[in-house]
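Coordinates as given in my_file28.cif (mmCIF, C-alpha atoms):
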data_data
loop_
_atom_site.group_PDB
_atom_site.id
_atom_site.type_symbol
_atom_site.label_atom_id
_atom_site.label_comp_id
_atom_site.auth_asym_id
_atom_site.auth_seq_id
_atom_site.Cartn_x
_atom_site.Cartn_y
_atom_site.Cartn_z
ATOM 1 C CA MET A 1 105.531 -173.280 -6.030
ATOM 2 C CA LYS A 2 102.158 -175.051 -6.072
ATOM 3 C CA THR A 3 103.825 -178.124 -7.557
ATOM 4 C CA LEU A 4 106.470 -178.051 -4.843
ATOM 5 C CA LEU A 5 103.774 -177.750 -2.175
ATOM 6 C CA LEU A 6 101.771 -180.664 -3.538
ATOM 7 C CA PHE A 7 104.932 -182.737 -3.868
ATOM 8 C CA GLY A 8 105.755 -181.978 -0.230
ATOM 9 C CA LEU A 9 102.274 -183.043 0.838
ATOM 10 C CA LEU A 10 102.579 -186.303 -1.042
ATOM 11 C CA ILE A 11 106.046 -186.999 0.333
ATOM 12 C CA PHE A 12 104.765 -186.607 3.872
ATOM 13 C CA ALA A 13 101.879 -188.723 2.691
ATOM 14 C CA PRO A 14 99.401 -187.820 5.196
ATOM 15 C CA GLN A 15 97.597 -188.971 8.648
ATOM 16 C CA VAL A 16 93.730 -187.947 10.313
ATOM 17 C CA LEU A 17 92.453 -184.582 10.462
ATOM 18 C CA ILE A 18 92.920 -181.438 12.316
ATOM 19 C CA ALA A 19 90.679 -179.490 10.000
ATOM 20 C CA HIS A 20 87.049 -178.837 10.807
ATOM 21 C CA MET A 21 84.969 -181.189 8.667
ATOM 22 C CA VAL A 22 82.917 -178.235 7.402
ATOM 23 C CA THR A 23 84.479 -174.767 7.159
ATOM 24 C CA TYR A 24 82.706 -171.853 5.474
ATOM 25 C CA LYS A 25 80.570 -171.689 2.346
ATOM 26 C CA ASP A 26 82.689 -172.010 -0.807
ATOM 27 C CA GLY A 27 85.753 -172.818 1.280
ATOM 28 C CA TYR A 28 88.315 -175.383 0.127
ATOM 29 C CA THR A 29 90.505 -177.353 2.518
ATOM 30 C CA ILE A 30 93.599 -179.384 1.840
ATOM 31 C CA ALA A 31 94.849 -181.229 4.895
ATOM 32 C CA SER A 32 97.099 -184.078 5.784
ATOM 33 C CA MET A 33 98.399 -185.966 8.745
ATOM 34 C CA ALA A 34 101.580 -187.880 8.267
ATOM 35 C CA GLY A 35 103.290 -190.521 10.324
ATOM 36 C CA PRO A 36 105.777 -193.220 9.366
ATOM 37 C CA ASP A 37 103.232 -196.051 9.099
ATOM 38 C CA PHE A 38 99.824 -194.394 8.824
ATOM 39 C CA GLY A 39 98.627 -191.354 6.940
ATOM 40 C CA LEU A 40 95.528 -189.566 5.715
ATOM 41 C CA PHE A 41 95.187 -186.943 3.030
ATOM 42 C CA LYS A 42 92.019 -184.935 2.620
ATOM 43 C CA GLY A 43 90.635 -182.503 0.080
ATOM 44 C CA ALA A 44 87.272 -180.895 0.900
ATOM 45 C CA TYR A 45 84.845 -178.350 -0.487
ATOM 46 C CA THR A 46 82.212 -176.718 1.727
ATOM 47 C CA PHE A 47 79.312 -176.240 -0.680
ATOM 48 C CA HIS A 48 76.784 -175.144 1.966
ATOM 49 C CA PRO A 49 77.322 -173.488 5.347
ATOM 50 C CA ARG A 50 76.590 -176.848 6.998
ATOM 51 C CA PHE A 51 77.749 -179.405 4.424
ATOM 52 C CA ALA A 52 81.053 -180.333 2.794
ATOM 53 C CA ALA A 53 82.107 -183.004 0.331
ATOM 54 C CA SER A 54 85.537 -184.532 0.736
ATOM 55 C CA PHE A 55 87.894 -187.072 -0.731
ATOM 56 C CA GLU A 56 89.938 -188.906 1.878
ATOM 57 C CA HIS A 57 92.875 -191.143 1.155
ATOM 58 C CA TYR A 58 94.139 -193.536 3.822
ATOM 59 C CA ARG A 59 97.460 -195.317 3.707
ATOM 60 C CA TRP A 60 98.995 -197.620 6.259
ATOM 61 C CA LEU A 61 101.352 -200.533 6.744
ATOM 62 C CA ASP A 62 99.606 -203.774 7.670
ATOM 63 C CA THR A 63 100.968 -206.343 10.087
ATOM 64 C CA ASN A 64 103.051 -207.829 7.259
ATOM 65 C CA GLU A 65 104.601 -204.432 6.551
ATOM 66 C CA GLN A 66 102.658 -204.259 3.280
ATOM 67 C CA GLN A 67 101.569 -200.812 2.137
ATOM 68 C CA LYS A 68 97.749 -200.558 2.025
ATOM 69 C CA GLN A 69 95.515 -197.716 0.916
ATOM 70 C CA ARG A 70 91.879 -196.740 0.513
ATOM 71 C CA GLY A 71 90.225 -193.743 -1.090
ATOM 72 C CA VAL A 72 86.704 -192.724 -0.037
ATOM 73 C CA PHE A 73 84.309 -189.928 -0.924
ATOM 74 C CA GLN A 74 82.624 -188.508 2.141
ATOM 75 C CA LEU A 75 79.675 -186.185 2.864
ATOM 76 C CA ASN A 76 80.220 -184.182 6.036
ATOM 77 C CA SER A 77 77.797 -182.128 8.070
ATOM 78 C CA ARG A 78 78.138 -179.693 10.901
ATOM 79 C CA LEU A 79 75.235 -180.873 13.057
ATOM 80 C CA LYS A 80 75.486 -178.117 15.620
ATOM 81 C CA ARG A 81 77.539 -175.046 16.356
ATOM 82 C CA TRP A 82 77.443 -172.995 19.527
ATOM 83 C CA ASN A 83 78.790 -169.470 19.100
ATOM 84 C CA ALA A 84 79.500 -167.563 22.307
ATOM 85 C CA PRO A 85 81.228 -164.189 22.607
ATOM 86 C CA ASP A 86 84.549 -165.818 23.554
ATOM 87 C CA SER A 87 84.241 -169.405 22.416
ATOM 88 C CA GLN A 88 82.891 -171.818 19.846
ATOM 89 C CA GLY A 89 81.722 -175.448 20.032
ATOM 90 C CA ASN A 90 80.885 -177.848 17.207
ATOM 91 C CA ILE A 91 79.547 -181.320 16.511
ATOM 92 C CA TYR A 92 80.203 -182.888 13.101
ATOM 93 C CA ALA A 93 79.360 -186.171 11.409
ATOM 94 C CA GLY A 94 80.282 -187.692 8.086
ATOM 95 C CA VAL A 95 79.573 -190.790 6.014
ATOM 96 C CA GLY A 96 81.381 -192.008 2.950
ATOM 97 C CA TYR A 97 81.844 -194.779 0.447
ATOM 98 C CA GLY A 98 84.843 -195.788 -1.559
ATOM 99 C CA GLU A 99 87.212 -198.359 -2.978
ATOM 100 C CA ASP A 100 86.420 -202.052 -2.405
ATOM 101 C CA GLU A 101 82.923 -201.287 -1.037
ATOM 102 C CA THR A 102 84.384 -199.544 1.949
ATOM 103 C CA PHE A 103 82.021 -197.542 4.181
ATOM 104 C CA ALA A 104 83.509 -194.648 6.085
ATOM 105 C CA TYR A 105 81.959 -192.876 9.046
ATOM 106 C CA GLN A 106 83.120 -190.170 11.372
ATOM 107 C CA VAL A 107 81.915 -188.110 14.318
ATOM 108 C CA GLU A 108 83.818 -185.227 15.742
ATOM 109 C CA ALA A 109 83.318 -182.594 18.460
ATOM 110 C CA ASP A 110 85.352 -179.638 19.582
ATOM 111 C CA TRP A 111 85.292 -176.640 21.822
ATOM 112 C CA GLU A 112 87.732 -173.784 21.780
ATOM 113 C CA ASP A 113 88.322 -170.304 22.964
ATOM 114 C CA ARG A 114 91.420 -168.249 22.229
ATOM 115 C CA GLN A 115 93.493 -169.970 24.895
ATOM 116 C CA TYR A 116 92.120 -173.480 25.387
ATOM 117 C CA TYR A 117 91.029 -176.200 23.004
ATOM 118 C CA VAL A 118 89.581 -179.707 23.318
ATOM 119 C CA TRP A 119 88.750 -181.995 20.423
ATOM 120 C CA GLY A 120 87.627 -185.579 19.962
ATOM 121 C CA SER A 121 87.169 -187.666 16.843
ATOM 122 C CA PHE A 122 86.046 -191.176 15.977
ATOM 123 C CA ARG A 123 86.690 -192.315 12.419
ATOM 124 C CA GLY A 124 85.951 -195.745 11.015
ATOM 125 C CA LEU A 125 86.289 -197.773 7.833
ATOM 126 C CA ASP A 126 84.131 -200.863 7.348
ATOM 127 C CA SER A 127 84.741 -203.242 4.483
ATOM 128 C CA ASP A 128 83.123 -206.388 5.929
ATOM 129 C CA ALA A 129 80.844 -206.688 2.925
ATOM 130 C CA LYS A 130 83.778 -207.218 0.595
ATOM 131 C CA ALA A 131 85.352 -210.616 0.088
ATOM 132 C CA ASN A 132 88.807 -209.153 0.431
ATOM 133 C CA ALA A 133 87.973 -207.457 3.692
ATOM 134 C CA GLY A 134 90.826 -209.349 5.256
ATOM 135 C CA GLU A 135 93.057 -206.848 3.546
ATOM 136 C CA LEU A 136 91.871 -204.389 6.154
ATOM 137 C CA GLY A 137 92.674 -206.750 8.991
ATOM 138 C CA SER A 138 89.419 -207.516 10.823
ATOM 139 C CA GLY A 139 87.386 -205.630 8.206
ATOM 140 C CA ASN A 140 86.460 -202.835 10.583
ATOM 141 C CA GLN A 141 89.072 -200.298 11.452
ATOM 142 C CA SER A 142 88.880 -197.157 13.491
ATOM 143 C CA ILE A 143 90.894 -194.264 14.778
ATOM 144 C CA LYS A 144 89.962 -192.546 18.021
ATOM 145 C CA LYS A 145 91.638 -189.317 18.926
ATOM 146 C CA LEU A 146 91.397 -186.941 21.848
ATOM 147 C CA ARG A 147 93.207 -183.630 22.052
ATOM 148 C CA ALA A 148 93.683 -180.813 24.529
ATOM 149 C CA GLY A 149 95.513 -177.619 23.659
ATOM 150 C CA LEU A 150 96.792 -174.467 25.283
ATOM 151 C CA ALA A 151 97.890 -171.226 23.626
ATOM 152 C CA PRO A 152 100.911 -169.840 25.498
ATOM 153 C CA TYR A 153 100.020 -166.334 24.290
ATOM 154 C CA VAL A 154 96.947 -164.772 22.702
ATOM 155 C CA VAL A 155 97.222 -162.571 19.619
ATOM 156 C CA ASN A 156 94.829 -160.859 17.271
ATOM 157 C CA ALA A 157 94.019 -161.826 13.669
ATOM 158 C CA ASP A 158 96.793 -161.765 11.053
ATOM 159 C CA ALA A 159 99.491 -162.676 13.586
ATOM 160 C CA LEU A 160 101.308 -165.942 14.204
ATOM 161 C CA HIS A 161 99.233 -168.165 16.498
ATOM 162 C CA THR A 162 100.948 -170.866 18.544
ATOM 163 C CA TRP A 163 99.398 -173.800 20.397
ATOM 164 C CA LEU A 164 100.796 -176.585 22.535
ATOM 165 C CA ILE A 165 98.672 -179.706 22.084
ATOM 166 C CA LEU A 166 98.643 -183.151 23.654
ATOM 167 C CA GLU A 167 97.017 -185.901 21.554
ATOM 168 C CA TYR A 168 95.942 -189.403 22.518
ATOM 169 C CA GLU A 169 95.302 -191.836 19.672
ATOM 170 C CA ASN A 170 93.987 -195.370 19.489
ATOM 171 C CA ASN A 171 94.516 -196.698 15.994
ATOM 172 C CA SER A 172 93.135 -200.118 15.072
ATOM 173 C CA PHE A 173 94.776 -199.891 11.640
ATOM 174 C CA MET A 174 97.958 -200.445 13.634
ATOM 175 C CA SER A 175 96.760 -203.320 15.882
ATOM 176 C CA ASP A 176 95.031 -200.971 18.361
ATOM 177 C CA ARG A 177 98.201 -199.051 18.850
ATOM 178 C CA GLU A 178 97.891 -196.342 21.485
ATOM 179 C CA SER A 179 100.028 -193.264 21.342
ATOM 180 C CA LEU A 180 100.431 -190.010 23.188
ATOM 181 C CA THR A 181 101.970 -187.164 21.228
ATOM 182 C CA PRO A 182 102.775 -183.575 22.188
ATOM 183 C CA PHE A 183 102.456 -181.222 19.213
ATOM 184 C CA ILE A 184 103.384 -177.650 18.560
ATOM 185 C CA ARG A 185 100.889 -175.972 16.245
ATOM 186 C CA LEU A 186 101.687 -172.827 14.320
ATOM 187 C CA PHE A 187 99.185 -171.059 12.167
ATOM 188 C CA TYR A 188 99.208 -167.881 10.241
ATOM 189 C CA LYS A 189 96.222 -166.738 8.182
ATOM 190 C CA ASN A 190 95.182 -169.714 5.988
ATOM 191 C CA PHE A 191 98.139 -171.949 6.788
ATOM 192 C CA LEU A 192 98.391 -174.337 9.720
ATOM 193 C CA THR A 193 101.074 -176.836 10.555
ATOM 194 C CA GLU A 194 101.707 -179.155 13.479
ATOM 195 C CA LEU A 195 104.846 -181.032 14.379
ATOM 196 C CA GLY A 196 104.779 -183.715 17.052
ATOM 197 C CA TYR A 197 107.107 -186.230 18.562
ATOM 198 C CA GLY A 198 105.308 -189.064 20.347
ATOM 199 C CA PHE A 199 106.204 -191.035 23.438
ATOM 200 C CA ASP A 200 106.474 -193.914 20.950
ATOM 201 C CA ASN A 201 109.459 -192.086 19.454
ATOM 202 C CA GLN A 202 107.686 -191.295 16.184
ATOM 203 C CA PHE A 203 107.495 -187.943 14.442
ATOM 204 C CA ARG A 204 104.114 -186.773 13.233
ATOM 205 C CA PHE A 205 103.438 -183.934 10.854
ATOM 206 C CA ASN A 206 100.102 -182.316 10.078
ATOM 207 C CA PHE A 207 99.356 -179.653 7.560
ATOM 208 C CA MET A 208 96.277 -177.722 6.475
ATOM 209 C CA ILE A 209 95.415 -174.939 4.044
ATOM 210 C CA HIS A 210 92.076 -173.165 3.766
ATOM 211 C CA MET A 211 91.244 -171.362 0.520
ATOM 212 C CA MET B 1 108.585 -131.090 -14.923
ATOM 213 C CA LYS B 2 107.886 -134.774 -14.417
ATOM 214 C CA ILE B 3 107.893 -134.315 -10.658
ATOM 215 C CA LEU B 4 105.464 -131.423 -10.987
ATOM 216 C CA ILE B 5 103.059 -133.503 -13.122
ATOM 217 C CA ILE B 6 103.233 -136.454 -10.724
ATOM 218 C CA SER B 7 102.680 -134.169 -7.746
ATOM 219 C CA LEU B 8 99.625 -132.599 -9.372
ATOM 220 C CA PHE B 9 98.228 -136.016 -10.240
ATOM 221 C CA LEU B 10 98.656 -137.315 -6.676
ATOM 222 C CA SER B 11 97.123 -134.179 -5.226
ATOM 223 C CA ALA B 12 94.112 -134.479 -7.506
ATOM 224 C CA ALA B 13 93.715 -138.156 -6.607
ATOM 225 C CA SER B 14 93.876 -137.494 -2.887
ATOM 226 C CA PHE B 15 91.298 -134.677 -3.167
ATOM 227 C CA ALA B 16 88.989 -137.012 -5.070
ATOM 228 C CA TRP B 17 89.342 -139.715 -2.385
ATOM 229 C CA ALA B 18 88.892 -137.193 0.434
ATOM 230 C CA GLY B 19 85.741 -135.940 -1.151
ATOM 231 C CA SER B 20 84.187 -139.320 -1.666
ATOM 232 C CA GLY B 21 84.486 -141.059 1.725
ATOM 233 C CA HIS B 22 83.057 -144.539 2.054
ATOM 234 C CA ASP B 23 80.403 -146.412 3.980
ATOM 235 C CA MET B 24 81.397 -148.593 6.889
ATOM 236 C CA ALA B 25 79.711 -151.142 9.087
ATOM 237 C CA THR B 26 81.079 -152.416 12.368
ATOM 238 C CA VAL B 27 79.608 -155.787 13.198
ATOM 239 C CA ASN B 28 79.747 -157.491 16.600
ATOM 240 C CA VAL B 29 80.140 -161.222 16.084
ATOM 241 C CA ASN B 30 79.974 -164.249 18.375
ATOM 242 C CA GLY B 31 82.190 -167.284 17.868
ATOM 243 C CA MET B 32 85.318 -165.708 16.350
ATOM 244 C CA VAL B 33 88.179 -167.358 18.165
ATOM 245 C CA CYS B 34 90.948 -167.917 15.643
ATOM 246 C CA ASP B 35 92.726 -166.616 12.584
ATOM 247 C CA MET B 36 91.053 -169.259 10.418
ATOM 248 C CA CYS B 37 87.714 -167.690 11.407
ATOM 249 C CA ALA B 38 89.017 -164.312 10.293
ATOM 250 C CA GLN B 39 90.135 -165.615 6.917
ATOM 251 C CA GLY B 40 86.759 -167.280 6.288
ATOM 252 C CA ILE B 41 84.936 -164.074 7.098
ATOM 253 C CA LYS B 42 87.163 -161.983 4.842
ATOM 254 C CA LYS B 43 86.443 -164.347 1.978
ATOM 255 C CA GLN B 44 82.680 -163.895 2.390
ATOM 256 C CA PHE B 45 82.946 -160.127 1.938
ATOM 257 C CA LYS B 46 85.772 -159.840 -0.564
ATOM 258 C CA GLU B 47 83.517 -158.727 -3.436
ATOM 259 C CA ASN B 48 81.822 -156.002 -1.429
ATOM 260 C CA ALA B 49 84.237 -154.634 1.101
ATOM 261 C CA MET B 50 87.675 -154.425 2.603
ATOM 262 C CA THR B 51 87.344 -156.364 5.837
ATOM 263 C CA GLU B 52 89.114 -155.984 9.160
ATOM 264 C CA VAL B 53 88.640 -158.646 11.823
ATOM 265 C CA ASP B 54 89.440 -157.826 15.442
ATOM 266 C CA LEU B 55 89.428 -160.935 17.630
ATOM 267 C CA ASP B 56 90.015 -158.837 20.791
ATOM 268 C CA LYS B 57 86.994 -156.598 20.228
ATOM 269 C CA LYS B 58 85.007 -159.420 18.554
ATOM 270 C CA THR B 59 84.188 -157.130 15.647
ATOM 271 C CA VAL B 60 84.249 -157.256 11.878
ATOM 272 C CA THR B 61 84.662 -153.848 10.232
ATOM 273 C CA LEU B 62 83.521 -153.570 6.631
ATOM 274 C CA HIS B 63 84.793 -150.740 4.438
ATOM 275 C CA PHE B 64 82.419 -150.944 1.500
ATOM 276 C CA LYS B 65 83.704 -150.542 -2.027
ATOM 277 C CA ASP B 66 82.010 -147.956 -4.242
ATOM 278 C CA GLY B 67 78.434 -148.997 -4.980
ATOM 279 C CA LYS B 68 78.819 -152.287 -3.095
ATOM 280 C CA THR B 69 77.021 -151.721 0.168
ATOM 281 C CA LEU B 70 75.118 -154.524 1.930
ATOM 282 C CA ASP B 71 72.055 -154.218 4.126
ATOM 283 C CA ASP B 72 71.974 -155.643 7.651
ATOM 284 C CA GLN B 73 70.235 -158.848 6.583
ATOM 285 C CA GLN B 74 72.817 -159.522 3.865
ATOM 286 C CA ILE B 75 75.633 -158.982 6.358
ATOM 287 C CA LYS B 76 73.991 -161.399 8.802
ATOM 288 C CA GLU B 77 73.530 -164.003 6.064
ATOM 289 C CA LYS B 78 77.140 -163.789 4.928
ATOM 290 C CA LEU B 79 78.390 -164.185 8.481
ATOM 291 C CA LYS B 80 76.008 -167.074 8.986
ATOM 292 C CA ASP B 81 77.452 -168.681 5.830
ATOM 293 C CA ALA B 82 80.872 -168.313 7.441
ATOM 294 C CA GLY B 83 79.495 -169.971 10.602
ATOM 295 C CA TYR B 84 79.088 -167.014 12.970
ATOM 296 C CA ASP B 85 76.313 -165.103 14.739
ATOM 297 C CA VAL B 86 75.816 -161.342 14.538
ATOM 298 C CA THR B 87 74.852 -159.554 17.737
ATOM 299 C CA ALA B 88 74.908 -155.914 16.559
ATOM 300 C CA ILE B 89 75.629 -153.740 13.506
ATOM 301 C CA GLN B 90 76.661 -150.081 13.641
ATOM 302 C CA ARG B 91 76.789 -147.985 10.475
ATOM 303 C CA SER B 92 79.099 -145.042 9.885
ATOM 304 C CA LYS B 93 80.807 -143.134 7.115
ATOM 305 C CA MET B 94 84.575 -142.842 6.920
ATOM 306 C CA GLU B 95 85.627 -139.468 5.569
ATOM 307 C CA GLY B 96 88.699 -139.689 3.422
#
Let's see the structure in the file written out as structure tokens.
Amino acid sequence: MKTLLLFGLLIFAPQVLIAHMVTYKDGYTIASMAGPDFGLFKGAYTFHPRFAASFEHYRWLDTNEQQKQRGVFQLNSRLKRWNAPDSQGNIYAGVGYGEDETFAYQVEADWEDRQYYVWGSFRGLDSDAKANAGELGSGNQSIKKLRAGLAPYVVNADALHTWLILEYENNSFMSDRESLTPFIRLFYKNFLTELGYGFDNQFRFNFMIHM
Amino acid sequence: MKILIISLFLSAASFAWAGSGHDMATVNVNGMVCDMCAQGIKKQFKENAMTEVDLDKKTVTLHFKDGKTLDDQQIKEKLKDAGYDVTAIQRSKMEG
């Protein structure tokens, strides 16, 4: 079953993340975001309540339709969390280093209660220092995402949670492509999945497991 | 005869459980908004207690295993490790 699951994750060969960058101490996260021409796969371990180490694998098609990829190791920190009786807000940041002297950096913020959710993320890869930086296009690439979500019903723990989410993305890996995608998110206990169909007529699939 | 033996065994077991009872703590927690939060919290306490998370009441109820109780500070630290803030802890004993 595990093999089948991992195979499925690789087939959908992932896009950027829906998972919090830091979860809970000793928590593991496997997450992916998959689209037809850009994907990100992430494996993370939260070794401290405020810090997590992750491996992130990017893949994308360049302007010549050539498959490109980068793997980076990243250190992530939850800089601030606000816990209120009915809501939670977070600010995260991460820096990483990987293949071909690529620097990775990321900032992320979110706020959610049990019915509403907003989230923003900026993620960049910088390989200017490397002679073959041209492989990454301009050498600096980024993905900006904004999301707003609404839960059509509110349920207690250990029930199926459903969210309707609208996502805006600007992706410089894909020549600053902008996209707007409605998603349906379903999550039950440790498993979360999102299926979206964008106004650019592309399917997107996201998946996350916490352990 | 088998049924009689099984019945006696179950009766004895239930009397033993009823006699023992177990310690409980009901913890009011800020920041619990989703099922992922609940799963993270359950993981923090899995060695010490059976854990119930109620997102409506904003409470975590700990049913401590035999000899595995935690003091208030330990409970607060474990919930802090999971990313949440404790606002109150009430102790009680559940009679079997």
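Of the listed residues (B:Ala82, B:Thr51, B:Leu70, B:Ala25), B:Ala82 comes nearest to chain A; the distances count only C-alpha atoms.
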Mind checking which residues fall within 7 Å of Tyr45 of chain A, counting all atoms listed in the file, ignoring those fewer than 5 positions away in the same chain, and posting them as a VMD selection string? chain A and resid 26 to 29 52 to 54
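The neighbours of Ser179 of chain A here are the residues that come within 12 Å of it, using all atoms listed in the file and leaving out any residue fewer than 2 positions away in the same chain; they are Gly35, Ile143, Lys144, Lys145, Leu146, Arg147, Leu166, Glu167, Tyr168, Glu169, Asn170, Asn171, Ser172, Met174, Ser175, Asp176, Arg177, Thr181, Pro182, Gly196, Tyr197, Gly198, Phe199, Asp200, Asn201, Gln202, Phe203 and Arg204 of chain A.
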Run the PyMOL selection byres ((chain B) within 12 of (chain A)) on the file and write out the hits as a ChimeraX atom specification. /B:28-45,51-60,77-87
Kindly resolve the PyMOL selection byres ((chain A and resi 205) around 10) on the present coordinates and return the residues as a PyMOL selection string. chain A and resi 12-15+32-36+39+183-185+193-197+203-204+206-207
Between atom CA of Gly71 of chain A and atom CA of Ile91 of chain A, distance in Å (one decimal): 24.0 Å
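Here atom CA of His63 of chain B stands at a distance of 8.4 Å from atom CA of Asn48 of chain B.
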Can you tell me how far atom CA of Phe64 of chain B sits from atom CA of Val27 of chain B, in Å to one decimal? 13.0 Å
